[in-house]
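In what follows, a structure is listed as structure tokens, so that the remarks can point back to it.
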Amino acid sequence: METQITDITPEIPHRAGFVNIVGNPNVGKSTLMNDLVGERISIITSKAQTTRHRIMGIVNTPEYQIVYSDTPGVLKPKYKLQETMLEFSEGALTDADILLYVTDVVEDPEKNKDFLDRVAKEKVPVLLVINKVDLLKNNDELVSIIERWKTRLPNAEVFPLSALEHFNVDNLKARIVELLPPSPPFFGKDALTDKPSRFFVTEIIREKLLLNYSQEIPYSAEVVVEKFDEKENAIHIMAVIYVERDSQKGIIIGKGGESIKKVGMQARQDIEKFFDKRVYLELFVKVESDWRNRENKLRAFGYTD
């Protein structure tokens with residue numbers, strides 16, 4: 001009598017984890033986040049401190065789910081809004097399965113030393129991303145930079161890359177997948193983010209403010225969507241841009257309303273691309289004095305519970 005041997009391959013468990021992206025302002029965290037997710041989730045401009053919230057981008061395959069979090073750049077707070085932004089960044093240290101600490105080729109490793117000391121003590125895997133290597137002239141410069149950073153984060157794995165040029169990002173992705181713990185998915189398998197549609201409208205409008213105005217104007221502005229009426233082929237949106245002073249309101253509106261009209265046109269085009277629908281966008285500007293330091297306004301604008 002023959003014995004039949006069946007080849008039983010053990011089932012590989014589903015993996016999932018939170019991959020939190022932290023670092024100082026303007027090192028390319030949002031560019032990296034968007035590249036890792038494969039969608040434009042976070043604002044990207046050349047200006048620092050563009051990310052104000054903790055924004056999740058979710059990558060799904062049948063085998064795993066990666067929940068990336070883009071966080072505000074670490075800074076010393078000057079007002080209550082920045083205190084809240086710092087809390088988002090510090091919170092990312094407490095619930096990460098994998099931590100991406102992003103720096104670049106020009107940043108001093110001693111910048112924001114206290115935060116970096118906390119990263120160095122992390123028990124979860126830390127991947128040190130040295131971004132913008134496309135700016136270097138030769139490999140010797142990179143070796144020197146890596147050596148400097150290894151003294152600050154000796155337990156971290158180092159990934160030199162260029163998020164802008166998509167250089168070495170795939171190797172970083174592969175390592176993240178290897179490090180994911182066994183877990184069921186945290187979100188539905190068709191989810192792209194934890195944020196509602198209105199949030200991305202406000203971010204797109206705020207991005208246009210950052211691109212079209214200088215100095216303190218865009219940092220003093222907050223956007224609130226008051227109407228989001230979505231039909232099958234079109235969306236009617238009414239949004240209010242809040243500023244802190246009457247003079248700022250005048251600058252945003254511009255002579256004969258030309259400046260606000262330009263912002264509205266640019267934002268509408270990007271919102272239409274994002275939702276793949278025709279958009280009718282109305283923008284208004286209102287003054288809310290010193291809102292960045294007022295707890296009730298920060299709560300109303302979604303920065304605190």
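Every chain in the structure tokens takes a letter, A first, then B, and so on in the order presented; its residues are numbered from 1, and the ligands are numbered from 1 following the presented order.
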
Would you mind writing down, as a PyMOL selection string, each residue of region 55-226 of chain A that DSSP on the backbone assigns to strand (DSSP E)? chain A and resi 55-60+64-70+98-104+126-131+157-160+222-226

Write the residues of the selection above to a file with C-alpha atoms, as a PDB file, in the first residue's frame.
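Written out: result35.pdb:
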ATOM      1  CA  ILE A  55      -1.824  62.640   8.025  1.00  0.00           C
ATOM      2  CA  MET A  56      -2.153  58.918   7.322  1.00  0.00           C
ATOM      3  CA  GLY A  57      -1.629  57.289   3.944  1.00  0.00           C
ATOM      4  CA  ILE A  58      -2.476  53.594   3.632  1.00  0.00           C
ATOM      5  CA  VAL A  59      -0.895  51.042   1.273  1.00  0.00           C
ATOM      6  CA  ASN A  60      -2.711  47.737   0.788  1.00  0.00           C
ATOM      7  CA  TYR A  64       0.045  43.388   4.080  1.00  0.00           C
ATOM      8  CA  GLN A  65      -1.201  46.838   5.043  1.00  0.00           C
ATOM      9  CA  ILE A  66       1.188  49.733   5.743  1.00  0.00           C
ATOM     10  CA  VAL A  67      -0.223  52.774   7.546  1.00  0.00           C
ATOM     11  CA  TYR A  68       2.173  55.671   6.945  1.00  0.00           C
ATOM     12  CA  SER A  69       1.901  58.855   9.021  1.00  0.00           C
ATOM     13  CA  ASP A  70       3.314  62.177   7.893  1.00  0.00           C
ATOM     14  CA  ILE A  98       8.520  51.236  12.507  1.00  0.00           C
ATOM     15  CA  LEU A  99       9.940  54.748  12.774  1.00  0.00           C
ATOM     16  CA  LEU A 100      11.345  56.662   9.798  1.00  0.00           C
ATOM     17  CA  TYR A 101      13.545  59.516  10.954  1.00  0.00           C
ATOM     18  CA  VAL A 102      14.084  61.777   7.958  1.00  0.00           C
ATOM     19  CA  THR A 103      16.987  64.170   7.623  1.00  0.00           C
ATOM     20  CA  ASP A 104      18.874  65.518   4.608  1.00  0.00           C
ATOM     21  CA  VAL A 126      14.361  52.983  13.357  1.00  0.00           C
ATOM     22  CA  LEU A 127      15.171  53.602   9.700  1.00  0.00           C
ATOM     23  CA  LEU A 128      17.328  56.705   9.248  1.00  0.00           C
ATOM     24  CA  VAL A 129      16.486  58.297   5.900  1.00  0.00           C
ATOM     25  CA  ILE A 130      19.127  60.692   4.584  1.00  0.00           C
ATOM     26  CA  ASN A 131      17.202  62.533   1.882  1.00  0.00           C
ATOM     27  CA  GLU A 157      19.487  51.317   9.621  1.00  0.00           C
ATOM     28  CA  VAL A 158      20.607  53.988   7.157  1.00  0.00           C
ATOM     29  CA  PHE A 159      18.885  54.628   3.816  1.00  0.00           C
ATOM     30  CA  PRO A 160      20.449  57.381   1.687  1.00  0.00           C
ATOM     31  CA  GLU A 222      -6.602  78.496   8.217  1.00  0.00           C
ATOM     32  CA  VAL A 223      -9.155  77.022   5.801  1.00  0.00           C
ATOM     33  CA  VAL A 224     -12.552  75.643   6.787  1.00  0.00           C
ATOM     34  CA  VAL A 225     -14.915  73.927   4.330  1.00  0.00           C
ATOM     35  CA  GLU A 226     -18.441  75.033   5.231  1.00  0.00           C
TER      36      GLU A 226
END

Counting only C-alpha atoms, which residues in region 99-209 of chain A sit no more than 9 Å from region 9-30 of chain A? For each one, give the nearest pair of atoms and the distance in Å, sorted by chain then residue number, as CSV.
residue,atom,partner,partner_atom,distance
A:Leu99,CA,A:Asn20,CA,5.1
A:Leu100,CA,A:Ile21,CA,4.8
A:Tyr101,CA,A:Val22,CA,5.1
A:Val102,CA,A:Gly23,CA,5.1
A:Thr103,CA,A:Val27,CA,5.5
A:Asp104,CA,A:Val27,CA,5.6
A:Val105,CA,A:Val27,CA,9.0
A:Glu107,CA,A:Val27,CA,8.2
A:Lys111,CA,A:Asn24,CA,8.1
A:Asn112,CA,A:Asn24,CA,7.7
A:Phe115,CA,A:Gly23,CA,8.8
A:Leu116,CA,A:Gly23,CA,8.6
A:Ile130,CA,A:Val27,CA,8.9
A:Asn131,CA,A:Gly28,CA,7.0
A:Lys132,CA,A:Gly28,CA,8.0
A:Ala163,CA,A:Gly28,CA,7.3
A:Leu164,CA,A:Gly28,CA,8.3
A:Ile176,CA,A:Val19,CA,8.1
A:Val177,CA,A:Arg15,CA,8.4
A:Leu179,CA,A:Gly17,CA,8.9
A:Leu180,CA,A:Gly17,CA,5.6
A:Pro181,CA,A:Arg15,CA,5.5
A:Pro182,CA,A:Arg15,CA,4.1
A:Ser183,CA,A:Arg15,CA,4.7
A:Pro184,CA,A:His14,CA,6.0
A:Pro185,CA,A:Ala16,CA,5.7
A:Phe186,CA,A:Ala16,CA,7.4

Would you kindly return, as JSON, numbers by chain, each protein, DNA or RNA residue with an atom no farther than 12 Å from any atom of Lys231 (chain A), considering only C-alpha atoms and excluding same-chain residues fewer than 2 positions away? {"A": [228, 229, 233, 234, 235, 236, 237, 275, 277, 278, 279, 280]}

Got a sec to tell me which of region 109-242 of chain A DSSP assigns to alpha helix (DSSP H), as number ranges by chain? A: 113-120, 139-152, 169-179, 197-212
